[in-house]
>>> print(open('my_file.pdb').read())   # PDB, C-alpha atoms
ATOM      1  CA  ASP A   1      17.353 -14.600  19.822
ATOM      2  CA  TYR A   2      15.009 -12.208  18.006
ATOM      3  CA  SER A   3      17.758  -9.785  17.025
ATOM      4  CA  VAL A   4      18.161 -11.611  13.719
ATOM      5  CA  LEU A   5      14.689 -10.344  12.782
ATOM      6  CA  CYS A   6      15.570  -6.706  13.426
ATOM      7  CA  MET A   7      19.232  -6.382  12.507
ATOM      8  CA  PRO A   8      20.518  -6.361   8.919
ATOM      9  CA  SER A   9      22.895  -9.006   7.683
ATOM     10  CA  LEU A  10      26.079  -7.154   6.765
ATOM     11  CA  PRO A  11      27.967  -8.699   3.833
ATOM     12  CA  TRP A  12      31.460  -7.844   5.166
ATOM     13  CA  ARG A  13      31.012  -9.712   8.440
ATOM     14  CA  LYS A  14      33.122 -12.842   8.742
ATOM     15  CA  THR A  15      30.534 -14.763  10.723
ATOM     16  CA  ARG A  16      27.005 -15.237   9.499
ATOM     17  CA  ARG A  17      24.068 -15.540  11.834
ATOM     18  CA  PRO A  18      21.829 -18.408  10.792
ATOM     19  CA  MET A  19      18.175 -17.536  10.332
ATOM     20  CA  LYS A  20      16.075 -19.373  12.885
ATOM     21  CA  LEU A  21      12.692 -20.793  12.012
ATOM     22  CA  TYR A  22      10.113 -19.977  14.653
ATOM     23  CA  PRO A  23       7.047 -22.114  15.351
ATOM     24  CA  LEU A  24       3.680 -20.935  14.087
ATOM     25  CA  ASP A  25       2.120 -19.906  17.389
ATOM     26  CA  GLU A  26       5.219 -18.929  19.340
ATOM     27  CA  PRO A  27       4.461 -15.903  21.519
ATOM     28  CA  LEU A  28       6.653 -12.908  20.710
ATOM     29  CA  PRO A  29       7.926 -10.549  23.383
ATOM     30  CA  LEU A  30       5.999  -7.271  23.553
ATOM     31  CA  LEU A  31       8.911  -5.090  22.427
ATOM     32  CA  VAL A  32       9.576  -7.236  19.348
ATOM     33  CA  SER A  33       5.866  -7.187  18.501
ATOM     34  CA  LEU A  34       5.743  -3.397  18.794
ATOM     35  CA  VAL A  35       8.857  -2.869  16.669
ATOM     36  CA  MET A  36       7.658  -5.269  13.959
ATOM     37  CA  GLY A  37       4.160  -3.737  13.985
ATOM     38  CA  LEU A  38       5.549  -0.219  13.673
ATOM     39  CA  GLN A  39       7.804  -1.307  10.825
ATOM     40  CA  HIS A  40       4.839  -2.886   9.041
ATOM     41  CA  ALA A  41       2.689   0.223   9.550
ATOM     42  CA  PHE A  42       5.405   2.452   8.063
ATOM     43  CA  ALA A  43       5.741   0.100   5.089
ATOM     44  CA  MET A  44       1.966   0.154   4.500
ATOM     45  CA  VAL A  45       1.709   3.940   4.662
ATOM     46  CA  GLY A  46       4.752   4.322   2.427
ATOM     47  CA  GLY A  47       3.218   1.985  -0.123
ATOM     48  CA  LEU A  48      -0.057   3.924  -0.036
ATOM     49  CA  ILE A  49       1.327   7.420  -0.523
ATOM     50  CA  THR A  50       4.153   6.760  -2.985
ATOM     51  CA  PRO A  51       2.168   6.005  -6.205
ATOM     52  CA  PRO A  52       0.093   9.230  -6.164
ATOM     53  CA  TYR A  53       3.227  11.156  -5.190
ATOM     54  CA  VAL A  54       5.191   9.730  -8.126
ATOM     55  CA  VAL A  55       2.391  10.325 -10.617
ATOM     56  CA  ALA A  56       1.897  13.915  -9.434
ATOM     57  CA  LYS A  57       5.603  14.642  -9.317
ATOM     58  CA  PHE A  58       6.701  13.327 -12.683
ATOM     59  CA  THR A  59       3.714  13.609 -15.020
ATOM     60  CA  ILE A  60       1.943  16.841 -14.172
ATOM     61  CA  ASP A  61       4.468  19.533 -13.481
ATOM     62  CA  GLU A  62       7.789  17.863 -14.284
ATOM     63  CA  PHE A  63      10.762  19.183 -12.286
ATOM     64  CA  PRO A  64      10.766  21.282 -10.084
ATOM     65  CA  PHE A  65       7.338  20.410  -8.736
ATOM     66  CA  THR A  66       5.493  23.531  -7.621
ATOM     67  CA  LYS A  67       1.874  22.380  -7.277
ATOM     68  CA  VAL A  68       2.099  21.054  -3.723
ATOM     69  CA  ASP A  69      -1.642  21.458  -3.075
ATOM     70  CA  LEU A  70      -2.470  19.050  -5.927
ATOM     71  CA  GLN A  71       0.116  16.581  -4.637
ATOM     72  CA  GLN A  72      -1.343  16.748  -1.107
ATOM     73  CA  TYR A  73      -4.850  16.291  -2.507
ATOM     74  CA  ALA A  74      -3.793  13.144  -4.379
ATOM     75  CA  ILE A  75      -2.097  11.629  -1.325
ATOM     76  CA  VAL A  76      -5.054  12.398   0.970
ATOM     77  CA  ALA A  77      -7.479  10.973  -1.615
ATOM     78  CA  ALA A  78      -5.409   7.770  -1.771
ATOM     79  CA  LEU A  79      -5.381   7.449   2.033
ATOM     80  CA  ILE A  80      -9.137   8.081   2.396
ATOM     81  CA  THR A  81      -9.984   5.668  -0.428
ATOM     82  CA  SER A  82      -7.712   3.052   1.102
ATOM     83  CA  GLY A  83      -9.415   3.462   4.478
ATOM     84  CA  ILE A  84     -12.922   3.144   3.033
ATOM     85  CA  CYS A  85     -12.000   0.083   0.949
ATOM     86  CA  THR A  86     -10.256  -1.528   3.926
ATOM     87  CA  ILE A  87     -13.345  -1.059   6.114
ATOM     88  CA  ILE A  88     -15.591  -2.559   3.406
ATOM     89  CA  ASN A  89     -13.224  -5.516   3.054
ATOM     90  CA  ILE A  90     -13.160  -6.135   6.806
ATOM     91  CA  LEU A  91     -16.968  -6.016   7.230
ATOM     92  CA  HIS A  92     -17.785  -9.117   5.097
ATOM     93  CA  PHE A  93     -21.485  -8.687   4.398
ATOM     94  CA  GLU A  94     -23.810 -10.714   2.227
ATOM     95  CA  ILE A  95     -25.105  -9.290  -1.050
ATOM     96  CA  PRO A  96     -28.912  -9.084  -0.789
ATOM     97  CA  PHE A  97     -30.838 -11.593  -2.945
ATOM     98  CA  SER A  98     -27.638 -13.325  -4.090
ATOM     99  CA  LYS A  99     -28.979 -16.738  -3.026
ATOM    100  CA  LYS A 100     -32.108 -16.225  -5.100
ATOM    101  CA  LEU A 101     -30.352 -14.788  -8.168
ATOM    102  CA  PHE A 102     -27.207 -16.918  -8.308
ATOM    103  CA  GLY A 103     -28.141 -19.998  -6.306
ATOM    104  CA  ARG A 104     -25.492 -19.349  -3.666
ATOM    105  CA  ARG A 105     -24.657 -16.724  -1.085
ATOM    106  CA  LEU A 106     -22.202 -14.078  -2.309
ATOM    107  CA  PHE A 107     -20.343 -11.681  -0.054
ATOM    108  CA  VAL A 108     -18.565  -8.348  -0.310
ATOM    109  CA  GLY A 109     -15.345  -8.297   1.677
ATOM    110  CA  SER A 110     -13.245 -11.074   3.114
ATOM    111  CA  GLY A 111     -13.778 -10.418   6.820
ATOM    112  CA  LEU A 112     -10.004 -10.366   7.317
ATOM    113  CA  LEU A 113      -7.833  -7.433   8.255
ATOM    114  CA  SER A 114      -5.997  -6.552   5.058
ATOM    115  CA  VAL A 115      -5.178  -3.043   3.923
ATOM    116  CA  MET A 116      -6.523  -2.185   0.491
ATOM    117  CA  GLY A 117      -4.655   0.511  -1.372
ATOM    118  CA  THR A 118      -2.991   1.826  -4.449
ATOM    119  CA  SER A 119      -0.598  -0.204  -6.545
ATOM    120  CA  PHE A 120       2.639   0.553  -8.327
ATOM    121  CA  THR A 121       1.309  -1.509 -11.246
ATOM    122  CA  PHE A 122      -0.781   1.429 -12.413
ATOM    123  CA  LEU A 123       2.084   3.947 -12.574
ATOM    124  CA  PRO A 124       2.954   3.386 -16.265
ATOM    125  CA  ILE A 125      -0.726   3.495 -17.211
ATOM    126  CA  PHE A 126      -1.261   6.783 -15.340
ATOM    127  CA  GLU A 127       1.864   8.305 -16.831
ATOM    128  CA  ILE A 128       0.917   7.348 -20.395
ATOM    129  CA  ALA A 129      -2.672   8.538 -19.978
ATOM    130  CA  ILE A 130      -1.690  11.885 -18.430
ATOM    131  CA  ARG A 131       1.024  12.501 -21.037
ATOM    132  CA  GLN A 132      -1.458  11.716 -23.821
ATOM    133  CA  MET A 133      -4.008  14.124 -22.338
ATOM    134  CA  LYS A 134      -1.335  16.818 -22.053
ATOM    135  CA  ALA A 135      -0.350  16.192 -25.693
ATOM    136  CA  ASP A 136      -4.013  16.670 -26.654
ATOM    137  CA  GLY A 137      -3.942  20.128 -25.047
ATOM    138  CA  ILE A 138      -5.438  19.349 -21.640
ATOM    139  CA  ALA A 139      -3.630  21.048 -18.758
ATOM    140  CA  GLY A 140      -1.657  18.755 -16.449
ATOM    141  CA  GLU A 141      -3.813  19.612 -13.422
ATOM    142  CA  ASP A 142      -7.022  18.828 -15.307
ATOM    143  CA  ALA A 143      -5.587  15.593 -16.694
ATOM    144  CA  TYR A 144      -4.627  14.500 -13.200
TER     145      TYR A 144
END
>>> encode(input="my_file.pdb", output="structure tokens")
Amino acid sequence: DYSVLCMPSLPWRKTRRPMKLYPLDEPLPLLVSLVMGLQHAFAMVGGLITPPYVVAKFTIDEFPFTKVDLQQYAIVAALITSGICTIINILHFEIPFSKKLFGRRLFVGSGLLSVMGTSFTFLPIFEIAIRQMKADGIAGEDAY
């Protein structure tokens, strides 16, 4: 019964569905795999585009936001940077001369598929920095 993975648990229901633990290498049906993969892809893209959107929306132009071209530029820059960093992380290549310099082989990238991207951790830092630049007389677009 894979429906427990896809359906929300509603608090007003009288009966609760117990969460099943699935074995590590249990094969999933194709439809469940596709739905879960699509959900994960939407979550990744949402997490990549939201931080630049929030910074552009609330620190540069305040409300109502009229500089849509700057907002689109920030989102596209975040997506391109994420793609480049993800490719570098997947490649897993050795740093030249690392064995000679450090006595051991050092690598760039993990060789695993993991999406690198922006983080919500930096939002307060961006907001403070952009507000400080605006207070110093720098235009919001230039500060961003």
>>> atom_distance(input="my_file.pdb", atom1="atom CA of A:Ala56", atom2="atom CA of A:Met44")
19.6 Å
>>> resolve_selection(input="my_file.pdb", expression="the PyMOL selection byres ((chain A and resi 21) around 12)", output="mmCIF file with C-alpha atoms, keeping the file's coordinate frame")
data_model
loop_
_atom_site.group_PDB
_atom_site.id
_atom_site.type_symbol
_atom_site.label_atom_id
_atom_site.label_comp_id
_atom_site.auth_asym_id
_atom_site.auth_seq_id
_atom_site.Cartn_x
_atom_site.Cartn_y
_atom_site.Cartn_z
ATOM 1 C CA ASP A 1 17.353 -14.600 19.822
ATOM 2 C CA TYR A 2 15.009 -12.208 18.006
ATOM 3 C CA VAL A 4 18.161 -11.611 13.719
ATOM 4 C CA LEU A 5 14.689 -10.344 12.782
ATOM 5 C CA PRO A 18 21.829 -18.408 10.792
ATOM 6 C CA MET A 19 18.175 -17.536 10.332
ATOM 7 C CA LYS A 20 16.075 -19.373 12.885
ATOM 8 C CA TYR A 22 10.113 -19.977 14.653
ATOM 9 C CA PRO A 23 7.047 -22.114 15.351
ATOM 10 C CA LEU A 24 3.680 -20.935 14.087
ATOM 11 C CA ASP A 25 2.120 -19.906 17.389
ATOM 12 C CA GLU A 26 5.219 -18.929 19.340
#
>>> axis_aligned_box(input="my_file.pdb", around="stretch 35-41 of chain A", padding_each_side="5 Å", output="AutoDock Vina command-line options")
--center_x 5.8 --center_y -2.5 --center_z 12.9 --size_x 16.2 --size_y 15.5 --size_z 17.6
>>> resolve_selection(input="my_file.pdb", expression="the PyMOL selection byres ((chain A and resi 89) around 9)", output="number ranges by chain")
A: 84-88, 90-93, 108-116
>>> closest_residue(input="my_file.pdb", among="A:Tyr73, A:Phe102, A:Thr15, A:Pro29", to="A:Ser3", atoms="all atoms listed in the file")
A:Pro29
>>> closest_residue(input="my_file.pdb", among="A:Gly103, A:Gly117, A:Pro96, A:Gly137", to="A:Ile80", atoms="all atoms listed in the file")
A:Gly117
>>> resolve_selection(input="my_file.pdb", expression="the PyMOL selection byres ((chain A and resi 142) around 12)", output="ChimeraX atom specification")
/A:56,59-61,70,130-131,133-134,136-141,143-144
>>> closest_residue(input="my_file.pdb", among="A:Phe97, A:Trp12, A:Phe126, A:Phe42", to="A:Val54", atoms="only C-alpha atoms")
A:Phe126
>>> closest_residue(input="my_file.pdb", among="A:Pro51, A:Ala43, A:Phe107, A:Lys99", to="A:Ile125", atoms="only C-alpha atoms")
A:Pro51
>>> atom_distance(input="my_file.pdb", atom1="atom CA of A:Ala129", atom2="atom CA of A:Lys57")
14.8 Å
>>> closest_residue(input="my_file.pdb", among="A:Val35, A:Ile75, A:Leu10, A:Leu30", to="A:Leu48", atoms="all atoms listed in the file")
A:Ile75
>>> closest_residue(input="my_file.pdb", among="A:Phe58, A:Arg17, A:Cys6, A:Ser119", to="A:Leu38", atoms="all atoms listed in the file")
A:Cys6
>>> atom_distance(input="my_file.pdb", atom1="atom CA of A:Gly47", atom2="atom CA of A:Ala135")
29.5 Å
>>> decode(input="my_file.pdb", residues="stretch 76-104 of chain A", atoms="N, CA, C and O atoms", output="PDB file, in the first residue's frame")
ATOM      1  N   VAL A  76      17.366  33.354 -12.847  1.00  0.00           N
ATOM      2  CA  VAL A  76      18.115  32.640 -13.885  1.00  0.00           C
ATOM      3  C   VAL A  76      19.571  32.457 -13.464  1.00  0.00           C
ATOM      4  O   VAL A  76      20.161  31.388 -13.663  1.00  0.00           O
ATOM      5  N   ALA A  77      20.164  33.480 -12.844  1.00  0.00           N
ATOM      6  CA  ALA A  77      21.549  33.359 -12.370  1.00  0.00           C
ATOM      7  C   ALA A  77      21.663  32.264 -11.310  1.00  0.00           C
ATOM      8  O   ALA A  77      22.628  31.490 -11.309  1.00  0.00           O
ATOM      9  N   ALA A  78      20.672  32.171 -10.422  1.00  0.00           N
ATOM     10  CA  ALA A  78      20.694  31.115  -9.403  1.00  0.00           C
ATOM     11  C   ALA A  78      20.577  29.735 -10.035  1.00  0.00           C
ATOM     12  O   ALA A  78      21.275  28.793  -9.632  1.00  0.00           O
ATOM     13  N   LEU A  79      19.714  29.592 -11.045  1.00  0.00           N
ATOM     14  CA  LEU A  79      19.547  28.291 -11.703  1.00  0.00           C
ATOM     15  C   LEU A  79      20.795  27.882 -12.486  1.00  0.00           C
ATOM     16  O   LEU A  79      21.223  26.726 -12.430  1.00  0.00           O
ATOM     17  N   ILE A  80      21.406  28.826 -13.201  1.00  0.00           N
ATOM     18  CA  ILE A  80      22.620  28.512 -13.972  1.00  0.00           C
ATOM     19  C   ILE A  80      23.768  28.165 -13.037  1.00  0.00           C
ATOM     20  O   ILE A  80      24.487  27.188 -13.253  1.00  0.00           O
ATOM     21  N   THR A  81      23.942  28.945 -11.971  1.00  0.00           N
ATOM     22  CA  THR A  81      25.005  28.667 -11.006  1.00  0.00           C
ATOM     23  C   THR A  81      24.794  27.313 -10.342  1.00  0.00           C
ATOM     24  O   THR A  81      25.749  26.549 -10.154  1.00  0.00           O
ATOM     25  N   SER A  82      23.563  27.006 -10.012  1.00  0.00           N
ATOM     26  CA  SER A  82      23.254  25.706  -9.421  1.00  0.00           C
ATOM     27  C   SER A  82      23.603  24.574 -10.383  1.00  0.00           C
ATOM     28  O   SER A  82      24.170  23.561  -9.967  1.00  0.00           O
ATOM     29  N   GLY A  83      23.267  24.737 -11.656  1.00  0.00           N
ATOM     30  CA  GLY A  83      23.583  23.711 -12.643  1.00  0.00           C
ATOM     31  C   GLY A  83      25.076  23.492 -12.807  1.00  0.00           C
ATOM     32  O   GLY A  83      25.548  22.357 -12.837  1.00  0.00           O
ATOM     33  N   ILE A  84      25.831  24.576 -12.881  1.00  0.00           N
ATOM     34  CA  ILE A  84      27.294  24.466 -13.031  1.00  0.00           C
ATOM     35  C   ILE A  84      27.908  23.799 -11.806  1.00  0.00           C
ATOM     36  O   ILE A  84      28.738  22.889 -11.921  1.00  0.00           O
ATOM     37  N   CYS A  85      27.500  24.228 -10.613  1.00  0.00           N
ATOM     38  CA  CYS A  85      28.045  23.639  -9.382  1.00  0.00           C
ATOM     39  C   CYS A  85      27.641  22.182  -9.231  1.00  0.00           C
ATOM     40  O   CYS A  85      28.432  21.364  -8.741  1.00  0.00           O
ATOM     41  N   THR A  86      26.446  21.826  -9.656  1.00  0.00           N
ATOM     42  CA  THR A  86      26.006  20.431  -9.595  1.00  0.00           C
ATOM     43  C   THR A  86      26.844  19.568 -10.529  1.00  0.00           C
ATOM     44  O   THR A  86      27.262  18.460 -10.155  1.00  0.00           O
ATOM     45  N   ILE A  87      27.118  20.049 -11.724  1.00  0.00           N
ATOM     46  CA  ILE A  87      27.944  19.290 -12.678  1.00  0.00           C
ATOM     47  C   ILE A  87      29.352  19.105 -12.126  1.00  0.00           C
ATOM     48  O   ILE A  87      29.912  18.002 -12.191  1.00  0.00           O
ATOM     49  N   ILE A  88      29.936  20.156 -11.547  1.00  0.00           N
ATOM     50  CA  ILE A  88      31.277  20.037 -10.957  1.00  0.00           C
ATOM     51  C   ILE A  88      31.266  19.021  -9.823  1.00  0.00           C
ATOM     52  O   ILE A  88      32.187  18.214  -9.685  1.00  0.00           O
ATOM     53  N   ASN A  89      30.228  19.048  -9.002  1.00  0.00           N
ATOM     54  CA  ASN A  89      30.145  18.106  -7.882  1.00  0.00           C
ATOM     55  C   ASN A  89      29.990  16.667  -8.351  1.00  0.00           C
ATOM     56  O   ASN A  89      30.518  15.743  -7.733  1.00  0.00           O
ATOM     57  N   ILE A  90      29.295  16.461  -9.446  1.00  0.00           N
ATOM     58  CA  ILE A  90      29.072  15.099  -9.948  1.00  0.00           C
ATOM     59  C   ILE A  90      30.344  14.527 -10.591  1.00  0.00           C
ATOM     60  O   ILE A  90      30.596  13.326 -10.515  1.00  0.00           O
ATOM     61  N   LEU A  91      31.177  15.392 -11.201  1.00  0.00           N
ATOM     62  CA  LEU A  91      32.325  14.903 -11.968  1.00  0.00           C
ATOM     63  C   LEU A  91      33.374  14.198 -11.111  1.00  0.00           C
ATOM     64  O   LEU A  91      33.942  13.196 -11.532  1.00  0.00           O
ATOM     65  N   HIS A  92      33.699  14.704  -9.927  1.00  0.00           N
ATOM     66  CA  HIS A  92      34.667  14.083  -9.023  1.00  0.00           C
ATOM     67  C   HIS A  92      36.019  13.885  -9.718  1.00  0.00           C
ATOM     68  O   HIS A  92      36.372  12.797 -10.156  1.00  0.00           O
ATOM     69  N   PHE A  93      36.785  14.975  -9.810  1.00  0.00           N
ATOM     70  CA  PHE A  93      38.090  14.879 -10.444  1.00  0.00           C
ATOM     71  C   PHE A  93      39.187  15.253  -9.458  1.00  0.00           C
ATOM     72  O   PHE A  93      38.990  16.012  -8.525  1.00  0.00           O
ATOM     73  N   GLU A  94      40.348  14.674  -9.693  1.00  0.00           N
ATOM     74  CA  GLU A  94      41.481  14.873  -8.791  1.00  0.00           C
ATOM     75  C   GLU A  94      42.125  16.237  -9.035  1.00  0.00           C
ATOM     76  O   GLU A  94      42.263  16.690 -10.173  1.00  0.00           O
ATOM     77  N   ILE A  95      42.544  16.885  -7.965  1.00  0.00           N
ATOM     78  CA  ILE A  95      43.268  18.149  -8.068  1.00  0.00           C
ATOM     79  C   ILE A  95      44.694  17.816  -8.482  1.00  0.00           C
ATOM     80  O   ILE A  95      45.363  17.007  -7.815  1.00  0.00           O
ATOM     81  N   PRO A  96      45.183  18.440  -9.572  1.00  0.00           N
ATOM     82  CA  PRO A  96      46.546  18.127 -10.033  1.00  0.00           C
ATOM     83  C   PRO A  96      47.587  18.455  -8.955  1.00  0.00           C
ATOM     84  O   PRO A  96      47.472  19.448  -8.242  1.00  0.00           O
ATOM     85  N   PHE A  97      48.586  17.614  -8.836  1.00  0.00           N
ATOM     86  CA  PHE A  97      49.716  17.758  -7.920  1.00  0.00           C
ATOM     87  C   PHE A  97      49.324  17.727  -6.446  1.00  0.00           C
ATOM     88  O   PHE A  97      50.117  18.108  -5.581  1.00  0.00           O
ATOM     89  N   SER A  98      48.119  17.297  -6.117  1.00  0.00           N
ATOM     90  CA  SER A  98      47.723  17.264  -4.706  1.00  0.00           C
ATOM     91  C   SER A  98      48.506  16.200  -3.933  1.00  0.00           C
ATOM     92  O   SER A  98      48.826  16.404  -2.764  1.00  0.00           O
ATOM     93  N   LYS A  99      48.829  15.096  -4.575  1.00  0.00           N
ATOM     94  CA  LYS A  99      49.608  14.040  -3.907  1.00  0.00           C
ATOM     95  C   LYS A  99      50.989  14.552  -3.542  1.00  0.00           C
ATOM     96  O   LYS A  99      51.488  14.306  -2.443  1.00  0.00           O
ATOM     97  N   LYS A 100      51.590  15.312  -4.450  1.00  0.00           N
ATOM     98  CA  LYS A 100      52.931  15.831  -4.223  1.00  0.00           C
ATOM     99  C   LYS A 100      52.930  16.945  -3.166  1.00  0.00           C
ATOM    100  O   LYS A 100      53.804  16.997  -2.307  1.00  0.00           O
ATOM    101  N   LEU A 101      51.937  17.823  -3.222  1.00  0.00           N
ATOM    102  CA  LEU A 101      51.905  18.970  -2.310  1.00  0.00           C
ATOM    103  C   LEU A 101      51.405  18.617  -0.912  1.00  0.00           C
ATOM    104  O   LEU A 101      51.922  19.138   0.083  1.00  0.00           O
ATOM    105  N   PHE A 102      50.401  17.762  -0.823  1.00  0.00           N
ATOM    106  CA  PHE A 102      49.758  17.500   0.461  1.00  0.00           C
ATOM    107  C   PHE A 102      49.976  16.085   0.979  1.00  0.00           C
ATOM    108  O   PHE A 102      49.515  15.752   2.067  1.00  0.00           O
ATOM    109  N   GLY A 103      50.609  15.244   0.183  1.00  0.00           N
ATOM    110  CA  GLY A 103      50.877  13.882   0.615  1.00  0.00           C
ATOM    111  C   GLY A 103      49.700  12.943   0.445  1.00  0.00           C
ATOM    112  O   GLY A 103      49.775  11.786   0.856  1.00  0.00           O
ATOM    113  N   ARG A 104      48.620  13.403  -0.101  1.00  0.00           N
ATOM    114  CA  ARG A 104      47.456  12.558  -0.363  1.00  0.00           C
ATOM    115  C   ARG A 104      46.689  13.129  -1.541  1.00  0.00           C
ATOM    116  O   ARG A 104      46.827  14.294  -1.880  1.00  0.00           O
TER     117      ARG A 104
END
